Structures are given as structure tokens and as C-alpha cells.
file run.cif (mmCIF, C-alpha atoms)
data_input
#
loop_
_atom_site.label_atom_id
_atom_site.label_comp_id
_atom_site.auth_asym_id
_atom_site.auth_seq_id
_atom_site.Cartn_x
_atom_site.Cartn_y
_atom_site.Cartn_z
CA GLU A 1 16.77 -52.40 9.90
CA ALA A 2 18.52 -49.28 11.17
CA GLN A 3 20.40 -48.97 7.86
CA ASN A 4 17.15 -49.28 5.88
CA TYR A 5 15.57 -46.56 8.00
CA SER A 6 18.60 -44.32 7.46
CA ASP A 7 18.52 -44.88 3.70
CA SER A 8 14.78 -44.20 3.60
CA LEU A 9 15.23 -40.99 5.57
CA GLU A 10 17.98 -39.78 3.25
CA ILE A 11 15.77 -40.40 0.21
CA GLU A 12 12.87 -38.51 1.83
CA VAL A 13 15.11 -35.55 2.76
CA ALA A 14 16.52 -35.45 -0.78
CA GLU A 15 12.99 -35.42 -2.23
CA ARG A 16 11.83 -32.63 0.11
CA THR A 17 14.98 -30.62 -0.67
CA LYS A 18 14.28 -30.99 -4.39
CA GLU A 19 10.67 -29.85 -3.88
CA LEU A 20 11.74 -26.84 -1.82
CA LYS A 21 14.33 -25.88 -4.45
CA ALA A 22 11.67 -26.05 -7.17
CA VAL A 23 9.34 -23.78 -5.13
CA ASN A 24 12.22 -21.38 -4.37
CA ASP A 25 13.24 -21.23 -8.05
CA LEU A 26 9.64 -20.48 -9.05
CA LEU A 27 9.32 -17.70 -6.45
CA THR A 28 12.68 -16.20 -7.41
CA SER A 29 11.74 -16.27 -11.09
CA SER A 30 8.42 -14.56 -10.34
CA ILE A 31 10.08 -11.87 -8.21
CA ASP A 32 12.74 -11.28 -10.89
CA TYR A 33 9.99 -10.76 -13.44
CA ALA A 34 8.13 -8.43 -11.04
CA SER A 35 11.38 -6.44 -10.71
CA LYS A 36 11.47 -5.91 -14.49
CA ILE A 37 7.89 -4.63 -14.41
CA GLN A 38 8.67 -2.30 -11.51
CA LYS A 39 11.77 -0.89 -13.24
CA ALA A 40 9.71 -0.30 -16.40
CA LEU A 41 7.50 2.08 -14.39
CA LEU A 42 10.48 4.29 -13.53
CA PRO A 43 11.21 7.19 -15.90
CA GLN A 44 13.48 6.00 -18.71
CA LYS A 45 13.69 9.34 -20.51
CA HIS A 46 13.03 12.82 -19.18
CA LYS A 47 13.82 16.48 -19.89
CA LEU A 48 15.09 17.45 -16.45
CA THR A 49 18.33 18.82 -17.91
CA GLU A 50 16.25 21.52 -19.63
CA TYR A 51 15.17 22.80 -16.21
CA CYS A 52 18.46 22.68 -14.26
CA GLN A 53 22.25 22.80 -14.64
CA ASP A 54 22.87 19.26 -13.53
CA HIS A 55 21.37 16.41 -11.50
CA PHE A 56 21.86 12.88 -10.25
CA ILE A 57 19.58 9.97 -9.37
CA TYR A 58 20.48 7.22 -6.90
CA HIS A 59 17.86 4.51 -6.45
CA ASP A 60 18.86 1.32 -4.65
CA GLN A 61 16.37 -1.21 -3.33
CA ARG A 62 17.24 -3.46 -0.40
CA ASP A 63 15.69 -6.51 -2.07
CA ILE A 64 14.99 -7.51 -5.68
CA VAL A 65 11.80 -5.43 -5.56
CA GLY A 66 11.03 -2.61 -3.16
CA GLY A 67 8.83 0.22 -1.95
CA ASP A 68 10.80 3.28 -3.11
CA PHE A 69 9.68 4.95 -6.32
CA TYR A 70 10.48 8.16 -8.15
CA ALA A 71 8.87 10.03 -11.02
CA ILE A 72 10.02 12.81 -13.34
CA PHE A 73 7.54 14.28 -15.81
CA GLU A 74 6.68 17.46 -17.65
CA ASN A 75 3.20 18.96 -17.34
CA LYS A 76 2.44 22.05 -19.43
CA ASP A 77 5.43 24.39 -18.88
CA LYS A 78 6.57 22.85 -15.59
CA MET A 79 8.76 19.93 -14.57
CA TYR A 80 7.78 17.71 -11.64
CA VAL A 81 10.31 15.66 -9.69
CA CYS A 82 8.88 13.24 -7.12
CA VAL A 83 10.15 10.74 -4.56
CA PHE A 84 7.78 8.23 -2.97
CA ASP A 85 8.47 5.91 -0.05
CA CYS A 86 5.78 3.23 0.23
CA ALA A 87 5.18 1.42 3.52
CA GLY A 88 7.43 -1.61 3.86
CA HIS A 89 10.00 -2.98 1.44
CA GLY A 90 10.30 -6.11 -0.66
CA VAL A 91 7.11 -7.53 -2.17
CA PRO A 92 4.56 -5.59 0.01
CA GLY A 93 6.26 -2.28 -0.78
CA ALA A 94 6.53 -3.18 -4.47
CA LEU A 95 2.79 -3.90 -4.70
CA LEU A 96 2.06 -0.42 -3.35
CA THR A 97 4.36 1.09 -6.01
CA MET A 98 2.23 -0.66 -8.65
CA ILE A 99 -0.88 1.08 -7.30
CA LEU A 100 1.08 4.34 -7.10
CA GLY A 101 2.36 4.09 -10.68
CA SER A 102 -1.14 3.44 -12.01
CA SER A 103 -2.76 6.27 -10.05
CA LEU A 104 0.01 8.70 -10.97
CA GLN A 105 -0.42 7.99 -14.69
CA ASN A 106 -4.15 8.70 -14.40
CA ILE A 107 -3.67 11.97 -12.51
CA ILE A 108 -0.99 13.48 -14.76
CA LYS A 109 -3.10 12.99 -17.89
CA ASN A 110 -4.71 16.28 -16.87
CA GLU A 111 -3.11 19.59 -15.90
CA ILE A 112 -1.39 19.60 -12.51
CA GLU A 113 -2.27 22.76 -10.61
CA SER A 114 0.50 22.41 -8.03
CA PRO A 115 2.55 19.85 -6.06
CA GLY A 116 0.00 19.98 -3.24
CA PHE A 117 -2.77 19.30 -5.73
CA LEU A 118 -0.96 16.17 -6.92
CA LEU A 119 -0.45 14.81 -3.38
CA THR A 120 -4.07 15.57 -2.48
CA LYS A 121 -5.27 13.63 -5.52
CA LEU A 122 -2.96 10.70 -4.69
CA ASN A 123 -4.29 10.60 -1.12
CA ASN A 124 -7.87 10.49 -2.44
CA PHE A 125 -6.97 7.65 -4.79
CA PHE A 126 -5.14 5.60 -2.15
CA LYS A 127 -7.85 6.09 0.47
CA GLU A 128 -10.44 4.77 -1.96
CA ALA A 129 -8.24 1.99 -3.35
CA LEU A 130 -7.17 0.69 0.07
CA SER A 131 -10.37 1.66 1.93
CA ASN A 132 -8.34 3.17 4.76
CA THR A 133 -11.07 5.51 5.99
CA GLU A 134 -12.13 4.14 9.37
CA GLY A 135 -9.22 4.87 11.75
CA TYR A 136 -6.37 2.85 13.19
CA GLU A 137 -8.06 -0.55 13.26
CA VAL A 138 -7.53 -1.04 9.53
CA SER A 139 -4.25 -1.92 7.83
CA GLU A 140 -1.62 0.81 7.70
CA ASP A 141 -0.86 0.90 3.98
CA GLY A 142 0.30 4.18 2.51
CA LEU A 143 3.36 6.21 1.60
CA ASP A 144 5.43 9.29 2.30
CA ALA A 145 6.18 11.59 -0.61
CA ILE A 146 7.65 14.83 -1.85
CA VAL A 147 6.81 16.60 -5.12
CA LEU A 148 8.99 19.38 -6.52
CA GLU A 149 7.79 21.78 -9.22
CA ILE A 150 10.40 23.56 -11.37
CA LYS A 151 9.89 26.21 -14.06
CA LYS A 152 12.36 27.15 -16.78
CA THR A 153 12.21 30.82 -15.78
CA GLY A 154 11.94 32.68 -12.50
CA ASN A 155 13.77 32.40 -9.18
CA LYS A 156 11.28 30.30 -7.23
CA LEU A 157 10.47 26.65 -6.93
CA ARG A 158 7.47 25.08 -5.25
CA PHE A 159 7.15 21.83 -3.38
CA SER A 160 4.76 19.84 -1.26
CA GLY A 161 5.78 17.17 1.21
CA ALA A 162 3.95 14.31 2.89
CA GLY A 163 6.40 13.17 5.54
CA ILE A 164 9.52 13.87 3.42
CA PRO A 165 11.37 17.21 3.79
CA LEU A 166 13.12 19.27 1.12
CA LEU A 167 16.90 19.39 1.59
CA TYR A 168 18.46 22.61 0.37
CA ILE A 169 22.04 23.95 0.07
CA ARG A 170 23.06 27.52 -0.75
CA GLN A 171 26.76 28.39 -0.66
CA ASN A 172 28.01 27.22 2.75
CA ASN A 173 24.65 26.72 4.42
CA TYR A 174 22.08 23.94 4.40
CA GLU A 175 18.43 23.87 5.38
CA MET A 176 15.78 21.19 5.80
CA ILE A 177 12.28 22.47 4.97
CA LYS A 178 9.43 20.33 6.21
CA GLY A 179 6.06 19.96 4.52
CA ASP A 180 3.03 18.19 5.97
CA LYS A 181 3.40 15.39 8.51
CA CYS A 182 0.45 13.39 7.18
CA GLY A 183 1.41 10.53 4.87
CA ILE A 184 -0.67 9.51 1.87
CA GLY A 185 -3.38 6.87 2.14
CA TYR A 186 -2.91 6.06 5.82
CA SER A 187 -5.97 5.53 7.99
CA SER A 188 -4.94 8.52 10.13
CA THR A 189 -4.97 10.87 7.12
CA PRO A 190 -8.45 12.28 6.30
CA ILE A 191 -9.70 11.50 2.80
CA ASN A 192 -10.25 15.23 2.16
CA TYR A 193 -6.83 16.28 3.50
CA SER A 194 -5.33 19.15 1.49
CA TYR A 195 -1.54 19.24 1.20
CA LYS A 196 0.03 22.69 1.33
CA ASN A 197 2.42 24.20 -1.19
CA ILE A 198 5.66 25.85 -0.05
CA ASP A 199 7.49 28.37 -2.25
CA VAL A 200 11.28 28.59 -1.96
CA ASP A 201 13.53 31.32 -3.39
CA ILE A 202 16.21 29.80 -5.58
CA ASN A 203 19.48 31.18 -6.93
CA LYS A 204 21.64 29.86 -9.72
CA GLY A 205 23.98 27.19 -8.34
CA ASP A 206 21.80 26.24 -5.36
CA PHE A 207 21.29 22.54 -4.66
CA ILE A 208 18.04 20.71 -3.91
CA TYR A 209 17.88 17.11 -2.69
CA LEU A 210 14.97 14.71 -2.28
CA ALA A 211 15.62 11.65 -0.10
CA SER A 212 13.63 8.68 1.17
CA ASP A 213 13.97 7.84 4.87
CA GLY A 214 15.92 4.66 4.15
CA ILE A 215 19.02 6.87 4.29
CA CYS A 216 18.51 8.69 7.61
CA ASP A 217 17.07 5.59 9.34
CA GLN A 218 19.97 3.32 8.41
CA ILE A 219 21.90 2.03 11.43
CA GLY A 220 25.68 2.10 11.30
CA GLY A 221 28.76 3.24 13.20
CA LYS A 222 28.16 2.59 16.91
CA GLY A 223 24.54 1.58 16.43
CA ILE A 224 23.44 5.13 15.57
CA SER A 225 21.20 6.04 12.63
CA PHE A 226 22.73 7.91 9.68
CA GLY A 227 20.38 10.87 10.17
CA ASN A 228 19.49 13.87 7.98
CA LYS A 229 22.16 16.06 9.61
CA ARG A 230 24.96 13.66 8.62
CA LEU A 231 23.50 13.45 5.09
CA MET A 232 23.37 17.24 4.74
CA GLU A 233 26.91 17.68 6.09
CA ILE A 234 28.24 15.18 3.54
CA LEU A 235 26.36 16.87 0.70
CA LEU A 236 27.53 20.34 1.82
CA LYS A 237 31.14 19.21 2.14
CA ASN A 238 31.08 17.88 -1.43
CA SER A 239 28.92 20.59 -3.02
CA LYS A 240 31.86 21.88 -5.08
CA LEU A 241 32.01 18.54 -6.92
CA SER A 242 30.00 17.67 -10.03
CA MET A 243 26.64 16.02 -9.40
CA HIS A 244 28.02 12.69 -10.62
CA GLU A 245 30.92 12.95 -8.16
CA GLN A 246 28.54 13.99 -5.37
CA LYS A 247 26.51 10.85 -5.98
CA ASN A 248 29.55 8.56 -5.90
CA THR A 249 30.94 10.26 -2.79
CA PHE A 250 27.63 9.86 -0.97
CA ILE A 251 27.43 6.16 -1.90
CA LYS A 252 30.95 5.55 -0.55
CA ASN A 253 30.25 7.45 2.69
CA PHE A 254 26.93 5.68 3.17
CA LYS A 255 28.34 2.19 2.60
CA ASP A 256 31.34 2.90 4.83
CA TYR A 257 28.98 4.03 7.60
CA ILE A 258 26.81 0.91 7.32
CA GLY A 259 29.85 -1.33 7.69
CA ASN A 260 28.74 -4.83 8.67
CA ASN A 261 25.23 -3.73 9.64
CA LYS A 262 22.28 -4.97 7.61
CA ARG A 263 20.49 -2.69 5.18
CA ARG A 264 17.17 -1.69 6.73
CA ASP A 265 15.29 -0.22 3.81
CA ASP A 266 15.27 0.91 0.20
CA ILE A 267 17.01 4.22 -0.49
CA THR A 268 16.44 6.97 -3.05
CA LEU A 269 18.35 10.25 -3.36
CA LEU A 270 17.79 12.79 -6.14
CA GLY A 271 20.05 15.84 -6.41
CA ILE A 272 19.41 18.92 -8.55
CA LYS A 273 21.66 21.93 -9.22
CA SER A 274 19.60 24.96 -10.18
CA GLY A 275 20.33 26.67 -13.48
#
call {"tool": "encode", "arguments": {"input": "run.cif", "output": "C-alpha cells"}}
result
Amino acid sequence: EAQNYSDSLEIEVAERTKELKAVNDLLTSSIDYASKIQKALLPQKHKLTEYCQDHFIYHDQRDIVGGDFYAIFENKDKMYVCVFDCAGHGVPGALLTMILGSSLQNIIKNEIESPGFLLTKLNNFFKEALSNTEGYEVSEDGLDAIVLEIKKTGNKLRFSGAGIPLLYIRQNNYEMIKGDKCGIGYSSTPINYSYKNIDVDINKGDFIYLASDGICDQIGGKGISFGNKRLMEILLKNSKLSMHEQKNTFIKNFKDYIGNNKRRDDITLLGIKSG
């Protein structure tokens, strides 16, 4: 009797394991397909090299899909470079990037007045789409963002930030320039909030970096976060290298710092050398 019970239990466990594997395979297949859709929304071709000497893009999601997103597009005679960090990672973050990609495509069909104008429009769209207009009792869905505007001529660039600063290197000095604190679409951000524009003087050979907070928030070393200061010191130390080499050096430093710690978030880092 005991043997029969044992055999019956083994059969039942095997059947449940088979069922769970089938469900897992279906979910994995669906997420893999969602990843292809998400990657298709990222810029495949762009003309950024016409507006700067050199650049690099590093975009690495923690999971198969994620909440980091970037956009590069030309509007009239200006180039816009954007980094977006949607709340969460994995599937929840990825769903927000779908809303972001759709809203962004609608907004840029018309002329973009400024980076602040673009962020203001995105906030309006997200507030209406997610109905986050009543205060803190509703879900906290939204994103942080930075939008950089570059022209082919002149010695100024313009940016607007929603929780993401502009990282800037000139010769042997670095600076972190903060925009607005209010994120986009969050219940705490008013629907009519107007994001400010900040103009920055730029010289040939200066470096500009846009980074999501998955870099500075990453825990490593002795349980200490990577931090923006460490990021800027690494970028400054390697600023004599080509942009491709800068990217590879950052990746090595970042992975070495993480060590055996778990990745906390998606990461995006865009670097631009002014022309």
C-alpha cells in the first residue's frame, strides 16, 4: 500500500512539473516576443553623427524586457537625444515604455518647441492615460527623463530634465546640472506642470552624458551604491579615449564594481562628444 501511494505521488508530481514547465515555456515565449517589440521601438537609424564628433550608446536591461528607453530623432533643424527611466523594471516597466513610445511618436509628428515643451506634453499624456491626478492614493506609475536638444551650428545646447541630471565634462573638470525634480506622470506632479529649459555653453571637444539611475543606484563594493560621483570620475579619467573605448571601459568598471551583487535595475548611458 505504501509503495502504491509512493508511485501515485511520483506520477502526480511528474504531471504537475510538466504542467508548470508548459506554463513557464508559454510565459517565456511571450516575454521574448514582447522583447522584440520593445527593441523595435528603439531608434534603429539616426543622424546623430551629423550633430556631434562622436557618441556611444549603452543600453542594458536587467531582465528580458525593462523600463529604460531612449530616443534619438530629428525635428526641423534640431536633433533630440532622450533617456527615459520608467518606474519599475521587467514587465511593468516595459508596459510603461509601450505607452511612452506611442505618446512620443504622436508628439514628435509636430514641431518641438523645446526640450521642456516635449516633457510637458509627455506629462500631460501620461497623466491622462494613467489618470494619476488625485494625489498619493493612486498608483505611482510614471518616469524620469532627460531631453537634450542639439543644433548643427552655435555654441549652446539646451536640455530639460525630469529627475535625471545632465552630466558634463570640459577638459579636466566635470559638472552635474540638475533640471526639475518632478517626474513625469506621477500623482505628485501637477497635470499642468511646465518643465524648464536650461541652456549650456558648449565648446568643441566637450562631453555630455545622459544616464538612467540604474547606474548610480547599483550596490557593489562594500555595500555602497555606485553613485554619480564615481561615474563622473571614471568618465573624466577616460575622456582622452575614443567614445567606443569609453563605453567599454565604463562597462568593465561597472561590472567589476558590482562583483557578486545582484543587478538592481536597467541601465542606460549615452555619451556625446561635441563637434
call {"tool": "closest_residue", "arguments": {"input": "run.cif", "among": "A:Asp32, A:Glu149, A:Glu12, A:Asp217", "to": "A:Val91", "atoms": "only C-alpha atoms"}}
result
A:Asp32
call {"tool": "axis_aligned_box", "arguments": {"input": "run.cif", "around": "stretch 230-244 of chain A", "padding_each_side": "5 Å", "output": "JSON"}}
result
{"center_x": 27.7, "center_y": 17.3, "center_z": -1.0, "size_x": 18.6, "size_y": 19.2, "size_z": 29.2}
call {"tool": "closest_residue", "arguments": {"input": "run.cif", "among": "A:Met243, A:Leu20, A:Leu48, A:Leu9", "to": "A:Gly205", "atoms": "all atoms listed in the file"}}
result
A:Met243
call {"tool": "residues_around", "arguments": {"input": "run.cif", "residues": "A:Glu233", "least_positions_apart": "5", "cutoff": "10 Å", "atoms": "only C-alpha atoms", "output": "list of chain:residue names"}}
result
A:Ile169, A:Asn173, A:Tyr174, A:Asn228, A:Asn238, A:Ser239
call {"tool": "resolve_selection", "arguments": {"input": "run.cif", "expression": "the PyMOL selection byres ((chain A and resi 113) around 12)", "output": "ChimeraX atom specification"}}
result
/A:75-78,80,107-108,110-112,114-121,149,158-159,197
call {"tool": "residues_around", "arguments": {"input": "run.cif", "residues": "A:Lys36", "least_positions_apart": "6", "cutoff": "12 Å", "atoms": "only C-alpha atoms", "output": "ChimeraX atom specification"}}
result
/A:29-30,42,64-66,94
call {"tool": "resolve_selection", "arguments": {"input": "run.cif", "expression": "the PyMOL selection byres ((chain A and resi 231) around 12)", "output": "ChimeraX atom specification"}}
result
/A:167-169,174-176,209-218,225-230,232-238,246-247,249-251,253-254,257,269
call {"tool": "closest_residue", "arguments": {"input": "run.cif", "among": "A:Gln44, A:Ser160, A:Thr97, A:Ser131", "to": "A:Ile57", "atoms": "all atoms listed in the file"}}
result
A:Gln44
call {"tool": "residues_around", "arguments": {"input": "run.cif", "residues": "A:Ala71", "least_positions_apart": "2", "cutoff": "7 Å", "atoms": "all atoms listed in the file", "output": "list in words"}}
result
Leu42, Pro43, Phe69, Phe73, Val81, Cys82 and Val83 of chain A
call {"tool": "write_last_selection", "arguments": {"input": "run.cif", "atoms": "C-alpha atoms", "output": "mmCIF file, in the frame of the given file"}}
result
data_model
loop_
_atom_site.group_PDB
_atom_site.id
_atom_site.type_symbol
_atom_site.label_atom_id
_atom_site.label_comp_id
_atom_site.auth_asym_id
_atom_site.auth_seq_id
_atom_site.Cartn_x
_atom_site.Cartn_y
_atom_site.Cartn_z
ATOM 1 C CA LEU A 42 10.480 4.290 -13.530
ATOM 2 C CA PRO A 43 11.210 7.190 -15.900
ATOM 3 C CA PHE A 69 9.680 4.950 -6.320
ATOM 4 C CA PHE A 73 7.540 14.280 -15.810
ATOM 5 C CA VAL A 81 10.310 15.660 -9.690
ATOM 6 C CA CYS A 82 8.880 13.240 -7.120
ATOM 7 C CA VAL A 83 10.150 10.740 -4.560
#
call {"tool": "residues_near_point", "arguments": {"input": "run.cif", "point": "(-6.7, 5.2, -8.5)", "cutoff": "8 Å", "atoms": "all atoms listed in the file", "output": "list in words"}}
result
Ile99, Leu100, Ser102, Ser103, Leu104, Asn106, Leu122, Phe125, Phe126, Glu128 and Ala129 of chain A
call {"tool": "closest_residue", "arguments": {"input": "run.cif", "among": "A:His89, A:Lys178, A:Lys18, A:His59", "to": "A:Leu143", "atoms": "all atoms listed in the file"}}
result
A:His89
